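Colleague: What follows is a structure written as structure tokens; I'll ask about it next.
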Amino acid sequence: MTSIVDYLLNLLSFIEIDTSLLLIFVILIPGIGLFLVMTVNAMVAVYMERKVSAFMQDRLGPMEVGLLGFKGGKKFWGGIGQTIADAIKLLTKEDIVPDNADKKLMLLAPFIIFIGAFVTFVAIPFSENLVVSDFNIGIFYIMAMSSVGVIGIILAGWSSNNKWSLYGAMRAAAQIISYEIPIGLSLLLVVIVAGSLNLGDIVQWQSNHRWFILHSPFTFIAFFIYFISVVAETNRTPFDIPEAESELVAGWMTEYSGFKWAIFFLSEYANMLIVSIVASIVFLGGWLSPLAILNIGIPEKWMFLDGPILGFFWLMIKAMFLIFVMMWFRWTFPRLRVDQLMYLCWKVFIPFALANLFFVSIWELIF
Amino acid sequence: MGANFLSEYINNIIYGVKSFITGMGLTLKHLRNKKDLVATLQYPNEKWPLPERNIGFEPSDYNVIRSRLHVDIDDCIGCLQCEKACPVDCIKIDTLKPPKGNDYDCGKTSHDTQKKMIVPRFTIDMSECMYCDLCVHPCPEECIYMVGGPNEDKHEIDYEFSQYERHGLIFEFATSTDEDILDIGGETYLEERKVKEEKRKKGEKLEGIVKGESSESVDEDQPEKEKHKDPLLEIFNIVPDKVARGIAKKAVVFGKRSGFDFSKISEEVEGRISAAGKTTSEMSTAIETLKNYKPTPIDIEDPSNSKENESSSKVEKGVEELASKSSDFNVKSMDFITDKMIRGIAKKTFMKCKRLKLDVNATIDSIISDLDTNSKLDNDTKEKLLSFKDIGKTSDNLSEIKETIKEESNSLFDIKLLNAIEDKMIRGSAKKIYMAGKRANKSSSEVVEDIINELSDKMDDKTKGLIGDLE
């Protein structure tokens, strides 16, 4: 398995320039690509979120802003240009900084959160060989980097010098650190079975055997523990007590506006994409075609199995479905209380994840 | 205790999973059935149909409920009655009359009235309209009226009459094309309209607004208008000092109001100016001019402030003057009649006679007889009217004239005569019957018969007699 960086280094090796300069160039190209993936994802997801929420509440959602003259009528595509209009509006808004805020830290916070989301993408394989850098400790790296964001959240809450911001930041820190334990334990389960921390190897294992969600009852439970925990980690409803707009205005984002707030927004949706992709790779077979596991006699050329581009397509389908499920959660369940949140994590998920870990080890010994 | 705790814990988890699935199922149902469940109405594009309702009006009265003005422009004769009646000036009408020698046919209305001009502009600004209905009643052709009552069929959906732009509330009813206007010889009108349109497009302010731009110019304009009104005040324009000019003009106005003659007015002015210490050579010249001022005939006809306290002696004087020249007898001569009703009837008869090209004596006779039938004629008016006549030329063909007049109006008496009926209800029904009879080309006697038959149980003797006289 080769990565994009290796591929580009080989491709451009005939240019006789300094290696460090070449390296910067080679890093920039996938960096811009990743940024595009993040922004496009944010736009699509925001539009999807608005439409899904509208339909679930018997509304129509945005209907007026078209894209290049295409308005879409009363169907799902109505108002498809709304997100672009919103983004332009957001970027032209005034950037307000409160007088008593710690201005340097307040400026720093959104970028820390953004970088936390951005560097996580580096280790994510979008398809076979379509990974920026192929780590042999991929899962560990992703776990570590997605926790960087919490530093930014605490910085944002503290520097805003606002009671709501601080409450939100503290809640976020408590929540994210708590829920990292069940996430780690349920991923550890897969690592035990597959015997590797490399995401590519994990998908390869699923290709050789079966998807992890169908492997054993314990991995099945582990998937749900993982998925519900990452919903909590991305601070989405019903686990959105750090933002809790009815209690804390907007939590740690209260004092932010304009471009900085746009970065928060971008990072939130990027985090959603990251956790959905990781869930797809680890439990749902990654870039493997879902048609292959059905095994209902379709000829192999109709299963769309091969190639990095089809793999990217299947992975995105799975990830988008999981993002849709997150939205589905959001517009179904009311927000949990703080004690309920902690009850769920410490008294339900962690014991079940530990028991899973124990039983799956026995399962692997027997079968 | 321990076992209880464990069972409660497990029950909690089972309950949690169950409610999780139920909730997700509920929202999924709403997501999938969006065609049946979505309640949103895309308002400007879609509208609810107005439900049937009974708001206590007869369907025929719906037109008077707040709605929107409509003009049947084919019936409009350009009489400007509605424009004059509008208290907020939201109706603007331009008319073009064919010049003499141009035999352009303006067409006929549905009441069979020959139109004498075309209407190249008939705009109603509904943003200014206050729905007072005052323009509807004076219309002689009944072509301007309110439409769009709550249950009227043709506006089933368009119940709010809203527009996307403010400009959209200005409705243009005129249908005259540029060719029509050119046919009638209105090249200058077209050019003026073009200039105005260009100004509007450029965003330039049109005439009326330009004056208000600077406050100083307004101050200057105000006395200038007064100057035009009264030549007496113009005399003082030679005085350069503004303050002195003001004092002098005030004194003149005061003097005129008190009915002073010119020498007395000039004394008043002199006194006030010297009291203020503003005496200059120009001022004394002006006062001298005022003393020797000879009023021109225009002054008598149109003194700006004598209109209010119109003295009968002055009118009499005017009447005498006019009577001395029989050729001067025109429709304005009737202005001495103070009662609006009588004046109107007299003028109407005058116009009819004019159309028939009767001479002055015959005209006056017919006016008197017409007023007589209305029992509106008092001796004073009669004497004055008779004074217009050339002495010794009393016309004998009075009955002849009356007949011709009646023939001209389709052998039917005038609908205005029914106004003499006091009771509103009876008057209304009588008018309705009259209109029905008119449409059926009935004669006077037939119509009167109809009215009496229809309304005999409601009318008192006085009204019966009145209607009987109409025959």
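Ordered as shown in the structure tokens, chains take letters A, B, and onward, while each chain numbers its residues from 1 and ligands are numbered from 1 in the order shown.
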For chain A, work out the contacting residues on chain B at 6 Å, counting only C-alpha atoms, and write them as a PyMOL selection string.
Modeller: chain B and resi 27+30-31+37-38+40
Colleague: Put those residues in a file: all heavy atoms, as an mmCIF file, in the first residue's frame.
Modeller:
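Result saved to result-v6.cif:
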```cif
data_model
loop_
_atom_site.group_PDB
_atom_site.id
_atom_site.type_symbol
_atom_site.label_atom_id
_atom_site.label_comp_id
_atom_site.auth_asym_id
_atom_site.auth_seq_id
_atom_site.Cartn_x
_atom_site.Cartn_y
_atom_site.Cartn_z
ATOM 1 N N THR B 27 -39.662 9.623 13.511
ATOM 2 C CA THR B 27 -39.115 10.675 12.645
ATOM 3 C C THR B 27 -38.918 10.170 11.225
ATOM 4 O O THR B 27 -39.075 10.922 10.267
ATOM 5 C CB THR B 27 -37.795 11.216 13.200
ATOM 6 O OG1 THR B 27 -37.037 10.138 13.720
ATOM 7 C CG2 THR B 27 -38.037 12.223 14.283
ATOM 8 N N HIS B 30 -42.053 10.541 9.302
ATOM 9 C CA HIS B 30 -42.286 11.907 8.834
ATOM 10 C C HIS B 30 -41.361 12.268 7.682
ATOM 11 O O HIS B 30 -41.738 13.021 6.790
ATOM 12 C CB HIS B 30 -42.105 12.887 9.993
ATOM 13 C CG HIS B 30 -43.298 12.948 10.881
ATOM 14 N ND1 HIS B 30 -44.212 13.962 10.810
ATOM 15 C CD2 HIS B 30 -43.739 12.107 11.831
ATOM 16 C CE1 HIS B 30 -45.176 13.748 11.696
ATOM 17 N NE2 HIS B 30 -44.903 12.624 12.328
ATOM 18 N N LEU B 31 -40.145 11.739 7.724
ATOM 19 C CA LEU B 31 -39.195 12.030 6.646
ATOM 20 C C LEU B 31 -39.688 11.443 5.334
ATOM 21 O O LEU B 31 -39.558 12.055 4.277
ATOM 22 C CB LEU B 31 -37.827 11.451 7.006
ATOM 23 C CG LEU B 31 -36.719 11.642 5.977
ATOM 24 C CD1 LEU B 31 -36.206 13.058 6.048
ATOM 25 C CD2 LEU B 31 -35.589 10.673 6.203
ATOM 26 N N LEU B 37 -47.464 15.050 4.535
ATOM 27 C CA LEU B 37 -47.421 15.694 5.849
ATOM 28 C C LEU B 37 -46.926 17.130 5.827
ATOM 29 O O LEU B 37 -47.227 17.890 6.731
ATOM 30 C CB LEU B 37 -46.540 14.867 6.798
ATOM 31 C CG LEU B 37 -47.083 13.484 7.119
ATOM 32 C CD1 LEU B 37 -46.062 12.677 7.883
ATOM 33 C CD2 LEU B 37 -48.354 13.591 7.939
ATOM 34 N N VAL B 38 -46.159 17.503 4.785
ATOM 35 C CA VAL B 38 -45.594 18.851 4.799
ATOM 36 C C VAL B 38 -46.706 19.886 4.792
ATOM 37 O O VAL B 38 -47.624 19.820 3.979
ATOM 38 C CB VAL B 38 -44.669 19.057 3.587
ATOM 39 C CG1 VAL B 38 -44.408 20.531 3.360
ATOM 40 C CG2 VAL B 38 -43.352 18.345 3.818
ATOM 41 N N THR B 40 -46.134 23.309 4.911
ATOM 42 C CA THR B 40 -45.715 24.629 4.435
ATOM 43 C C THR B 40 -46.391 24.977 3.115
ATOM 44 O O THR B 40 -46.523 24.133 2.250
ATOM 45 C CB THR B 40 -44.199 24.654 4.235
ATOM 46 O OG1 THR B 40 -43.583 24.104 5.380
ATOM 47 C CG2 THR B 40 -43.708 26.057 4.014
#
```
Colleague: Determine which residues of stretch 16-178 of chain A receive a DSSP assignment of helix (DSSP H, G or I), computed from the backbone, and state them as a ChimeraX atom specification.
Modeller: /A:19-56,82-91,103-122,138-146,149-159,163-178
Colleague: What's around A:Leu105 at 9 Å? Count only C-alpha atoms, leave out sequence neighbours fewer than 2 positions away in its own chain, and write the answer as a ChimeraX atom specification.
Modeller: /A:101-103,107-109,155-156,158-160
Colleague: Measure the distance from atom CA of A:Asp134 to atom CA of A:Thr120 in Å and round it to one decimal.
Modeller: 12.2 Å
Colleague: Tell me, as a VMD selection string, which residues lie within 12 Å of A:Thr237, counting only C-alpha atoms; anything in the same chain fewer than 2 positions away does not count.
Modeller: chain A and resid 228 to 235 239 to 245 325 to 337 341
Colleague: If you run DSSP on this backbone, which residues of stretch 1-197 of chain B come out as strand (DSSP E), and could you give them as a ChimeraX atom specification?
Modeller: /B:68-71,91-96,118-125,144-147,170-172
